file target37.cif (mmCIF, C-alpha atoms)
data_input
loop_
_atom_site.label_atom_id
_atom_site.label_comp_id
_atom_site.auth_asym_id
_atom_site.auth_seq_id
_atom_site.Cartn_x
_atom_site.Cartn_y
_atom_site.Cartn_z
CA MET A 1 10.48 -4.61 -8.88
CA LYS A 2 13.85 -4.49 -7.09
CA GLU A 3 12.23 -2.55 -4.25
CA ILE A 4 9.60 -5.28 -3.86
CA LYS A 5 12.31 -7.99 -3.85
CA ASP A 6 14.26 -6.10 -1.17
CA ILE A 7 11.12 -5.65 0.95
CA VAL A 8 10.16 -9.34 0.73
CA LYS A 9 13.71 -10.39 1.65
CA ALA A 10 13.81 -7.97 4.62
CA ALA A 11 10.39 -9.21 5.77
CA GLU A 12 11.56 -12.83 5.69
CA ILE A 13 14.57 -11.94 7.84
CA ALA A 14 12.36 -9.97 10.26
CA SER A 15 9.97 -12.91 10.48
CA THR A 16 12.75 -15.33 11.48
CA GLU A 17 13.79 -12.84 14.17
CA ASN A 18 10.17 -12.51 15.42
CA GLN A 19 10.17 -8.82 14.55
CA ALA A 20 6.76 -7.20 14.04
CA MET A 21 6.56 -5.04 10.92
CA VAL A 22 4.54 -2.50 8.96
CA LEU A 23 4.39 -1.91 5.21
CA ALA A 24 4.04 1.77 4.26
CA THR A 25 2.65 2.40 0.76
CA VAL A 26 2.01 5.62 -1.15
CA VAL A 27 -1.63 5.09 -2.19
CA LYS A 28 -2.61 8.52 -3.49
CA VAL A 29 -0.91 11.74 -4.55
CA GLU A 30 -2.69 15.06 -5.10
CA GLY A 31 -0.37 17.40 -6.96
CA SER A 32 3.24 16.40 -7.52
CA SER A 33 5.46 14.10 -5.50
CA TYR A 34 8.93 12.54 -5.66
CA ARG A 35 7.40 9.03 -5.46
CA ARG A 36 4.20 7.85 -7.12
CA PRO A 37 1.43 5.54 -5.84
CA GLY A 38 2.82 2.06 -5.29
CA ALA A 39 6.09 3.23 -3.71
CA ARG A 40 6.72 1.14 -0.58
CA MET A 41 8.81 0.96 2.56
CA LEU A 42 8.96 -1.83 5.14
CA VAL A 43 9.56 -0.82 8.76
CA THR A 44 10.40 -3.41 11.39
CA GLN A 45 9.93 -3.22 15.14
CA ASP A 46 13.61 -2.41 15.70
CA GLY A 47 13.44 0.57 13.32
CA GLN A 48 15.00 -0.98 10.21
CA MET A 49 13.66 0.55 6.97
CA THR A 50 13.73 -1.03 3.51
CA GLY A 51 12.48 0.83 0.43
CA ALA A 52 11.39 4.48 0.23
CA ILE A 53 8.18 6.51 0.14
CA SER A 54 9.73 9.93 -0.57
CA GLY A 55 12.97 11.64 -1.44
CA GLY A 56 14.12 11.00 2.12
CA CYS A 57 12.31 13.67 4.11
CA LEU A 58 9.18 11.75 5.09
CA GLU A 59 10.97 8.65 6.28
CA GLY A 60 11.79 10.03 9.74
CA ASP A 61 8.19 10.85 10.57
CA ALA A 62 6.97 7.71 8.79
CA LEU A 63 9.16 5.63 11.10
CA LYS A 64 7.28 7.04 14.13
CA LYS A 65 3.90 6.40 12.48
CA ALA A 66 4.95 2.85 11.57
CA ILE A 67 6.08 2.03 15.11
CA LEU A 68 2.72 3.34 16.38
CA ALA A 69 0.89 1.09 13.88
CA ILE A 70 2.96 -1.87 15.12
CA HIS A 71 1.97 -1.18 18.73
CA GLN A 72 -1.70 -0.69 17.79
CA ARG A 73 -1.64 -3.71 15.42
CA LYS A 74 -3.87 -1.90 12.96
CA ASN A 75 -3.72 -0.14 9.60
CA ARG A 76 -3.55 3.67 9.50
CA LEU A 77 -3.72 6.27 6.74
CA VAL A 78 -1.50 9.33 7.15
CA SER A 79 -1.67 12.37 4.86
CA TYR A 80 1.24 14.77 4.41
CA ASP A 81 0.08 18.14 3.04
CA THR A 82 3.06 20.06 1.65
CA ASN A 83 0.84 23.03 0.75
CA THR A 84 0.52 24.08 4.40
CA ASP A 85 3.03 26.28 6.25
CA GLU A 86 3.93 23.28 8.39
CA GLY A 87 4.50 21.08 5.37
CA SER A 88 6.22 23.60 3.10
CA ALA A 89 9.70 22.66 4.33
CA ILE A 90 8.88 19.03 3.60
CA GLY A 91 7.62 20.03 0.16
CA LEU A 92 10.90 21.73 -0.73
CA GLN A 93 12.78 18.56 0.13
CA LEU A 94 10.21 16.27 -1.48
CA GLY A 95 10.34 18.04 -4.80
CA CYS A 96 6.57 18.21 -4.65
CA ASN A 97 3.69 20.58 -4.12
CA GLY A 98 0.68 18.62 -2.98
CA ILE A 99 -0.72 15.99 -0.65
CA VAL A 100 0.76 12.52 -0.23
CA HIS A 101 -1.43 9.81 1.34
CA ILE A 102 0.47 6.90 2.87
CA LEU A 103 -1.13 3.70 4.13
CA PHE A 104 0.63 1.99 7.03
CA GLU A 105 -0.35 -1.70 7.09
CA TYR A 106 0.40 -3.88 10.09
CA VAL A 107 1.69 -7.19 8.74
CA ASP A 108 -0.31 -9.91 10.46
CA LEU A 109 1.64 -13.06 9.58
CA GLU A 110 -1.26 -15.25 10.69
CA ARG A 111 -3.43 -13.88 7.89
CA ARG A 112 -3.09 -15.72 4.59
CA ASP A 113 -3.44 -12.59 2.44
CA HIS A 114 -1.20 -10.20 4.39
CA PRO A 115 0.57 -7.71 2.06
CA ILE A 116 4.01 -9.36 2.20
CA ALA A 117 2.47 -12.72 1.19
CA LEU A 118 0.89 -11.00 -1.83
CA LEU A 119 4.19 -9.34 -2.79
CA ARG A 120 5.96 -12.71 -2.48
CA ARG A 121 3.32 -14.30 -4.72
CA LEU A 122 3.76 -11.44 -7.17
CA LEU A 123 7.48 -12.17 -7.49
CA GLN A 124 6.74 -15.86 -8.15
CA GLN A 125 4.22 -15.11 -10.92
CA ARG A 126 6.70 -13.58 -13.39
CA GLU A 127 3.88 -12.02 -15.41
CA GLU A 128 2.00 -8.73 -15.43
CA ALA A 129 -0.25 -8.35 -12.43
CA LEU A 130 -2.59 -6.01 -10.58
CA LEU A 131 -2.22 -5.38 -6.87
CA ILE A 132 -5.37 -3.97 -5.29
CA THR A 133 -5.36 -1.83 -2.14
CA SER A 134 -8.44 -0.36 -0.45
CA PHE A 135 -8.25 2.72 1.77
CA SER A 136 -10.30 5.69 2.93
CA THR A 137 -9.24 9.30 3.47
CA ASP A 138 -11.74 9.31 6.35
CA LYS A 139 -9.25 8.51 9.11
CA GLN A 140 -12.03 7.18 11.38
CA ARG A 141 -12.84 4.38 8.94
CA GLU A 142 -11.25 0.94 8.99
CA GLN A 143 -8.39 0.79 6.47
CA ILE A 144 -8.71 -2.51 4.61
CA GLY A 145 -5.32 -2.35 2.91
CA THR A 146 -3.63 -4.50 0.26
CA ARG A 147 -5.81 -7.58 -0.02
CA LEU A 148 -5.93 -8.84 -3.60
CA LEU A 149 -3.52 -9.90 -6.33
CA ILE A 150 -4.72 -10.52 -9.87
CA ALA A 151 -2.09 -12.21 -12.03
CA GLY A 152 -3.03 -13.65 -15.42
CA SER A 153 -6.27 -15.54 -14.97
CA GLU A 154 -5.64 -16.13 -11.26
CA GLU A 155 -7.51 -14.16 -8.63
CA ASN A 156 -6.86 -14.81 -4.96
CA THR A 157 -9.95 -14.70 -2.78
CA SER A 158 -9.93 -11.96 -0.19
CA ALA A 159 -11.97 -9.36 1.66
CA LEU A 160 -12.17 -7.41 -1.62
CA GLU A 161 -13.62 -10.27 -3.64
CA SER A 162 -17.19 -8.91 -3.35
CA GLN A 163 -16.07 -5.64 -4.94
CA LEU A 164 -14.62 -7.22 -8.10
CA PRO A 165 -17.80 -6.73 -10.19
CA ILE A 166 -17.83 -3.03 -9.24
CA LEU A 167 -14.12 -2.71 -10.07
CA GLU A 168 -14.27 -4.66 -13.35
CA GLN A 169 -14.30 -1.57 -15.57
CA HIS A 170 -11.35 -0.01 -13.74
CA ILE A 171 -9.45 -3.32 -13.78
CA ASN A 172 -9.93 -3.55 -17.56
CA VAL A 173 -8.60 0.01 -18.00
CA ALA A 174 -5.50 -0.81 -15.91
CA LYS A 175 -4.86 -3.98 -17.96
CA THR A 176 -5.47 -2.34 -21.34
CA LYS A 177 -3.48 0.82 -20.71
CA ARG A 178 -0.92 -0.98 -18.56
CA GLN A 179 -1.04 1.72 -15.92
CA SER A 180 -2.22 2.11 -12.36
CA VAL A 181 -5.75 3.38 -11.74
CA LEU A 182 -7.38 5.00 -8.71
CA ALA A 183 -11.08 4.18 -8.35
CA LEU A 184 -13.74 5.52 -5.99
CA ILE A 185 -16.50 3.11 -4.98
CA GLU A 186 -19.53 3.45 -2.72
CA GLU A 187 -21.08 0.56 -0.83
CA GLU A 188 -23.83 0.85 1.76
CA GLY A 189 -23.34 4.61 1.96
CA GLN A 190 -19.58 4.34 2.61
CA ARG A 191 -16.89 5.51 0.21
CA ASN A 192 -13.61 3.72 -0.30
CA GLU A 193 -10.78 4.48 -2.70
CA ILE A 194 -9.12 1.58 -4.48
CA LEU A 195 -5.59 1.70 -5.86
CA ILE A 196 -5.37 -0.77 -8.75
CA GLU A 197 -1.63 -0.93 -9.23
CA TYR A 198 -0.34 -2.25 -12.56
CA ILE A 199 2.94 -4.10 -12.19
CA ALA A 200 4.91 -5.13 -15.27
CA PRO A 201 6.45 -8.63 -15.34
#
call {"tool": "encode", "arguments": {"input": "target37.cif", "output": "structure tokens"}}
result
Amino acid sequence: MKEIKDIVKAAEIASTENQAMVLATVVKVEGSSYRRPGARMLVTQDGQMTGAISGGCLEGDALKKAILAIHQRKNRLVSYDTNTDEGSAIGLQLGCNGIVHILFEYVDLERRDHPIALLRRLLQQREEALLITSFSTDKQREQIGTRLLIAGSEENTSALESQLPILEQHINVAKTKRQSVLALIEEEGQRNEILIEYIAP
């Protein structure tokens, strides 16, 4: 929770300075990794980083990807495969042997449900909550991103609202077991993965 507090504070400062920003989130890990799904890092236009998505070795490349996402003003999914020859050096530093999928979300402050607004709301709730993020490993697809916070009986309307009935079973598992769940859903022939992140109060 401290990481989320630090990110929200850094985002507020960046906003007052009119700095564009991107939130990088580990959404899926195949194999082992130093950080698990839900690990976050905020990157601002001037290159300031708050939080962490790895043991320190991915942050340099992630900074470049984040700056690109800021210029493009769109979400991007980037996968780091430490099983390849190119990624093996990263894997040794990461303490992992697998694939790490990181979602880079452009923070559009004009949107009511941008990810920083949801994190801020999460801090205000002071109760267990679920943060829901939609993404696709098909890089050509639109990356929806973090769009829904469920805290107690409150659900904030968002682009993911129509998928709640489909996700109900997975949401109940996350609440009951008090752990994050990764769900795969298909709608109109398209597949999306949904990270239902359990966050303790």
call {"tool": "resolve_selection", "arguments": {"input": "target37.cif", "expression": "the PyMOL selection byres ((chain A and resi 49) around 10)", "output": "NGL selection string"}}
result
:A and (7 or 10 or 21-23 or 41-48 or 50-52 or 59 or 62-63)
call {"tool": "atom_distance", "arguments": {"input": "target37.cif", "atom1": "atom CA of Gln125 of chain A", "atom2": "atom CA of Asn172 of chain A"}}
result
19.4 Å
call {"tool": "closest_residue", "arguments": {"input": "target37.cif", "among": "A:Leu109, A:Leu167, A:Ile144, A:Ala183", "to": "Ser15 of chain A", "atoms": "all atoms listed in the file"}}
result
A:Leu109
call {"tool": "closest_residue", "arguments": {"input": "target37.cif", "among": "A:Glu30, A:Glu142, A:Asp81, A:Glu128", "to": "Glu105 of chain A", "atoms": "only C-alpha atoms"}}
result
A:Glu142
call {"tool": "closest_residue", "arguments": {"input": "target37.cif", "among": "A:Tyr106, A:Tyr198, A:Tyr34, A:Phe135", "to": "Ile67 of chain A", "atoms": "all atoms listed in the file"}}
result
A:Tyr106
call {"tool": "resolve_selection", "arguments": {"input": "target37.cif", "expression": "the PyMOL selection byres ((chain A and resi 149) around 8)", "output": "JSON, numbers by chain"}}
result
{"A": [118, 122, 129, 130, 131, 132, 147, 148, 150, 151, 155, 156]}
call {"tool": "write_last_selection", "arguments": {"input": "target37.cif", "atoms": "C-alpha atoms", "output": "PDB file, in the coordinates of the input"}}
result
ATOM      1  CA  LEU A 118       0.890 -11.000  -1.830  1.00  0.00           C
ATOM      2  CA  LEU A 122       3.760 -11.440  -7.170  1.00  0.00           C
ATOM      3  CA  ALA A 129      -0.250  -8.350 -12.430  1.00  0.00           C
ATOM      4  CA  LEU A 130      -2.590  -6.010 -10.580  1.00  0.00           C
ATOM      5  CA  LEU A 131      -2.220  -5.380  -6.870  1.00  0.00           C
ATOM      6  CA  ILE A 132      -5.370  -3.970  -5.290  1.00  0.00           C
ATOM      7  CA  ARG A 147      -5.810  -7.580  -0.020  1.00  0.00           C
ATOM      8  CA  LEU A 148      -5.930  -8.840  -3.600  1.00  0.00           C
ATOM      9  CA  ILE A 150      -4.720 -10.520  -9.870  1.00  0.00           C
ATOM     10  CA  ALA A 151      -2.090 -12.210 -12.030  1.00  0.00           C
ATOM     11  CA  GLU A 155      -7.510 -14.160  -8.630  1.00  0.00           C
ATOM     12  CA  ASN A 156      -6.860 -14.810  -4.960  1.00  0.00           C
TER      13      ASN A 156
END
call {"tool": "atom_distance", "arguments": {"input": "target37.cif", "atom1": "atom CA of Glu186 of chain A", "atom2": "atom CA of Val78 of chain A"}}
result
21.4 Å
call {"tool": "resolve_selection", "arguments": {"input": "target37.cif", "expression": "the PyMOL selection byres ((chain A and resi 195) around 6)", "output": "PyMOL selection string"}}
result
chain A and resi 132-133+182+194+196-197
call {"tool": "atom_distance", "arguments": {"input": "target37.cif", "atom1": "atom CA of Asn192 of chain A", "atom2": "atom CA of Ile171 of chain A"}}
result
15.8 Å
call {"tool": "closest_residue", "arguments": {"input": "target37.cif", "among": "A:Val173, A:Leu77, A:Ile4, A:Leu103", "to": "Leu119 of chain A", "atoms": "all atoms listed in the file"}}
result
A:Ile4
call {"tool": "decode", "arguments": {"input": "target37.cif", "residues": "segment 135-149 of chain A", "atoms": "all heavy atoms", "output": "PDB file, in the first residue's frame"}}
result
ATOM      1  N   PHE A 135      -6.500  -6.308 -20.263  1.00  0.00           N
ATOM      2  CA  PHE A 135      -5.405  -6.193 -21.225  1.00  0.00           C
ATOM      3  C   PHE A 135      -5.456  -7.366 -22.193  1.00  0.00           C
ATOM      4  O   PHE A 135      -6.193  -8.336 -21.989  1.00  0.00           O
ATOM      5  CB  PHE A 135      -4.048  -6.154 -20.511  1.00  0.00           C
ATOM      6  CG  PHE A 135      -3.694  -7.426 -19.782  1.00  0.00           C
ATOM      7  CD1 PHE A 135      -2.882  -8.384 -20.374  1.00  0.00           C
ATOM      8  CD2 PHE A 135      -4.173  -7.669 -18.503  1.00  0.00           C
ATOM      9  CE1 PHE A 135      -2.568  -9.564 -19.715  1.00  0.00           C
ATOM     10  CE2 PHE A 135      -3.868  -8.847 -17.830  1.00  0.00           C
ATOM     11  CZ  PHE A 135      -3.051  -9.791 -18.430  1.00  0.00           C
ATOM     12  N   SER A 136      -4.672  -7.283 -23.256  1.00  0.00           N
ATOM     13  CA  SER A 136      -4.589  -8.374 -24.218  1.00  0.00           C
ATOM     14  C   SER A 136      -3.132  -8.583 -24.616  1.00  0.00           C
ATOM     15  O   SER A 136      -2.408  -7.608 -24.852  1.00  0.00           O
ATOM     16  CB  SER A 136      -5.423  -8.052 -25.468  1.00  0.00           C
ATOM     17  OG  SER A 136      -5.218  -9.045 -26.458  1.00  0.00           O
ATOM     18  N   THR A 137      -2.712  -9.843 -24.681  1.00  0.00           N
ATOM     19  CA  THR A 137      -1.340 -10.134 -25.110  1.00  0.00           C
ATOM     20  C   THR A 137      -1.197  -9.989 -26.628  1.00  0.00           C
ATOM     21  O   THR A 137      -0.091 -10.083 -27.151  1.00  0.00           O
ATOM     22  CB  THR A 137      -0.903 -11.544 -24.669  1.00  0.00           C
ATOM     23  OG1 THR A 137      -1.898 -12.492 -25.079  1.00  0.00           O
ATOM     24  CG2 THR A 137      -0.732 -11.608 -23.163  1.00  0.00           C
ATOM     25  N   ASP A 138      -2.323  -9.766 -27.310  1.00  0.00           N
ATOM     26  CA  ASP A 138      -2.282  -9.415 -28.732  1.00  0.00           C
ATOM     27  C   ASP A 138      -1.959  -7.923 -28.806  1.00  0.00           C
ATOM     28  O   ASP A 138      -2.801  -7.078 -28.536  1.00  0.00           O
ATOM     29  CB  ASP A 138      -3.635  -9.707 -29.386  1.00  0.00           C
ATOM     30  CG  ASP A 138      -3.669  -9.315 -30.867  1.00  0.00           C
ATOM     31  OD1 ASP A 138      -2.683  -8.710 -31.353  1.00  0.00           O
ATOM     32  OD2 ASP A 138      -4.681  -9.585 -31.528  1.00  0.00           O
ATOM     33  N   LYS A 139      -0.727  -7.603 -29.158  1.00  0.00           N
ATOM     34  CA  LYS A 139      -0.260  -6.214 -29.093  1.00  0.00           C
ATOM     35  C   LYS A 139      -1.009  -5.278 -30.048  1.00  0.00           C
ATOM     36  O   LYS A 139      -0.945  -4.064 -29.909  1.00  0.00           O
ATOM     37  CB  LYS A 139       1.248  -6.154 -29.394  1.00  0.00           C
ATOM     38  CG  LYS A 139       2.115  -7.071 -28.532  1.00  0.00           C
ATOM     39  CD  LYS A 139       2.050  -6.703 -27.079  1.00  0.00           C
ATOM     40  CE  LYS A 139       3.044  -7.435 -26.195  1.00  0.00           C
ATOM     41  NZ  LYS A 139       3.689  -8.614 -26.632  1.00  0.00           N
ATOM     42  N   GLN A 140      -1.699  -5.866 -31.050  1.00  0.00           N
ATOM     43  CA  GLN A 140      -2.439  -5.037 -32.011  1.00  0.00           C
ATOM     44  C   GLN A 140      -3.783  -4.567 -31.447  1.00  0.00           C
ATOM     45  O   GLN A 140      -4.392  -3.643 -31.976  1.00  0.00           O
ATOM     46  CB  GLN A 140      -2.682  -5.830 -33.308  1.00  0.00           C
ATOM     47  CG  GLN A 140      -1.420  -6.393 -33.945  1.00  0.00           C
ATOM     48  CD  GLN A 140      -0.371  -5.329 -34.201  1.00  0.00           C
ATOM     49  OE1 GLN A 140      -0.682  -4.258 -34.722  1.00  0.00           O
ATOM     50  NE2 GLN A 140       0.873  -5.611 -33.824  1.00  0.00           N
ATOM     51  N   ARG A 141      -4.220  -5.205 -30.382  1.00  0.00           N
ATOM     52  CA  ARG A 141      -5.518  -4.878 -29.801  1.00  0.00           C
ATOM     53  C   ARG A 141      -5.422  -3.637 -28.917  1.00  0.00           C
ATOM     54  O   ARG A 141      -4.371  -3.314 -28.371  1.00  0.00           O
ATOM     55  CB  ARG A 141      -6.011  -6.045 -28.932  1.00  0.00           C
ATOM     56  CG  ARG A 141      -6.334  -7.307 -29.696  1.00  0.00           C
ATOM     57  CD  ARG A 141      -7.736  -7.301 -30.226  1.00  0.00           C
ATOM     58  NE  ARG A 141      -8.699  -6.908 -29.212  1.00  0.00           N
ATOM     59  CZ  ARG A 141      -9.133  -7.709 -28.241  1.00  0.00           C
ATOM     60  NH1 ARG A 141      -8.696  -8.959 -28.179  1.00  0.00           N
ATOM     61  NH2 ARG A 141     -10.011  -7.283 -27.371  1.00  0.00           N
ATOM     62  N   GLU A 142      -6.563  -2.957 -28.763  1.00  0.00           N
ATOM     63  CA  GLU A 142      -6.620  -1.826 -27.836  1.00  0.00           C
ATOM     64  C   GLU A 142      -6.477  -2.351 -26.412  1.00  0.00           C
ATOM     65  O   GLU A 142      -7.106  -3.331 -26.021  1.00  0.00           O
ATOM     66  CB  GLU A 142      -7.956  -1.096 -27.972  1.00  0.00           C
ATOM     67  CG  GLU A 142      -8.113   0.053 -26.996  1.00  0.00           C
ATOM     68  CD  GLU A 142      -9.524   0.611 -26.962  1.00  0.00           C
ATOM     69  OE1 GLU A 142     -10.389   0.104 -27.700  1.00  0.00           O
ATOM     70  OE2 GLU A 142      -9.752   1.543 -26.185  1.00  0.00           O
ATOM     71  N   GLN A 143      -5.622  -1.708 -25.628  1.00  0.00           N
ATOM     72  CA  GLN A 143      -5.417  -2.091 -24.230  1.00  0.00           C
ATOM     73  C   GLN A 143      -6.320  -1.213 -23.357  1.00  0.00           C
ATOM     74  O   GLN A 143      -6.091  -0.020 -23.217  1.00  0.00           O
ATOM     75  CB  GLN A 143      -3.946  -1.921 -23.839  1.00  0.00           C
ATOM     76  CG  GLN A 143      -2.972  -2.680 -24.714  1.00  0.00           C
ATOM     77  CD  GLN A 143      -3.086  -4.200 -24.554  1.00  0.00           C
ATOM     78  OE1 GLN A 143      -3.574  -4.707 -23.547  1.00  0.00           O
ATOM     79  NE2 GLN A 143      -2.628  -4.930 -25.561  1.00  0.00           N
ATOM     80  N   ILE A 144      -7.349  -1.823 -22.781  1.00  0.00           N
ATOM     81  CA  ILE A 144      -8.327  -1.037 -22.011  1.00  0.00           C
ATOM     82  C   ILE A 144      -7.705  -0.467 -20.741  1.00  0.00           C
ATOM     83  O   ILE A 144      -7.851   0.702 -20.428  1.00  0.00           O
ATOM     84  CB  ILE A 144      -9.565  -1.901 -21.680  1.00  0.00           C
ATOM     85  CG1 ILE A 144     -10.279  -2.278 -22.988  1.00  0.00           C
ATOM     86  CG2 ILE A 144     -10.519  -1.141 -20.754  1.00  0.00           C
ATOM     87  CD1 ILE A 144     -11.430  -3.233 -22.809  1.00  0.00           C
ATOM     88  N   GLY A 145      -7.008  -1.312 -19.976  1.00  0.00           N
ATOM     89  CA  GLY A 145      -6.312  -0.819 -18.797  1.00  0.00           C
ATOM     90  C   GLY A 145      -7.105  -0.950 -17.506  1.00  0.00           C
ATOM     91  O   GLY A 145      -8.076  -1.690 -17.412  1.00  0.00           O
ATOM     92  N   THR A 146      -6.657  -0.210 -16.483  1.00  0.00           N
ATOM     93  CA  THR A 146      -7.276  -0.232 -15.160  1.00  0.00           C
ATOM     94  C   THR A 146      -8.495   0.674 -15.187  1.00  0.00           C
ATOM     95  O   THR A 146      -8.360   1.890 -15.287  1.00  0.00           O
ATOM     96  CB  THR A 146      -6.277   0.254 -14.080  1.00  0.00           C
ATOM     97  OG1 THR A 146      -5.067  -0.505 -14.193  1.00  0.00           O
ATOM     98  CG2 THR A 146      -6.850   0.100 -12.682  1.00  0.00           C
ATOM     99  N   ARG A 147      -9.690   0.071 -15.085  1.00  0.00           N
ATOM    100  CA  ARG A 147     -10.894   0.869 -15.281  1.00  0.00           C
ATOM    101  C   ARG A 147     -11.968   0.679 -14.221  1.00  0.00           C
ATOM    102  O   ARG A 147     -13.022   1.271 -14.310  1.00  0.00           O
ATOM    103  CB  ARG A 147     -11.511   0.534 -16.650  1.00  0.00           C
ATOM    104  CG  ARG A 147     -10.610   0.849 -17.825  1.00  0.00           C
ATOM    105  CD  ARG A 147     -10.282   2.313 -17.959  1.00  0.00           C
ATOM    106  NE  ARG A 147     -11.395   3.070 -18.496  1.00  0.00           N
ATOM    107  CZ  ARG A 147     -11.652   3.209 -19.782  1.00  0.00           C
ATOM    108  NH1 ARG A 147     -10.872   2.644 -20.682  1.00  0.00           N
ATOM    109  NH2 ARG A 147     -12.668   3.924 -20.183  1.00  0.00           N
ATOM    110  N   LEU A 148     -11.735  -0.173 -13.222  1.00  0.00           N
ATOM    111  CA  LEU A 148     -12.815  -0.448 -12.280  1.00  0.00           C
ATOM    112  C   LEU A 148     -12.272  -0.738 -10.884  1.00  0.00           C
ATOM    113  O   LEU A 148     -11.299  -1.477 -10.728  1.00  0.00           O
ATOM    114  CB  LEU A 148     -13.634  -1.651 -12.769  1.00  0.00           C
ATOM    115  CG  LEU A 148     -14.846  -2.061 -11.943  1.00  0.00           C
ATOM    116  CD1 LEU A 148     -15.888  -0.954 -11.926  1.00  0.00           C
ATOM    117  CD2 LEU A 148     -15.453  -3.335 -12.499  1.00  0.00           C
ATOM    118  N   LEU A 149     -12.908  -0.139  -9.900  1.00  0.00           N
ATOM    119  CA  LEU A 149     -12.582  -0.384  -8.494  1.00  0.00           C
ATOM    120  C   LEU A 149     -13.840  -0.883  -7.807  1.00  0.00           C
ATOM    121  O   LEU A 149     -14.898  -0.256  -7.902  1.00  0.00           O
ATOM    122  CB  LEU A 149     -12.091   0.906  -7.823  1.00  0.00           C
ATOM    123  CG  LEU A 149     -11.901   0.840  -6.302  1.00  0.00           C
ATOM    124  CD1 LEU A 149     -10.734  -0.087  -5.948  1.00  0.00           C
ATOM    125  CD2 LEU A 149     -11.650   2.230  -5.734  1.00  0.00           C
TER     126      LEU A 149
END
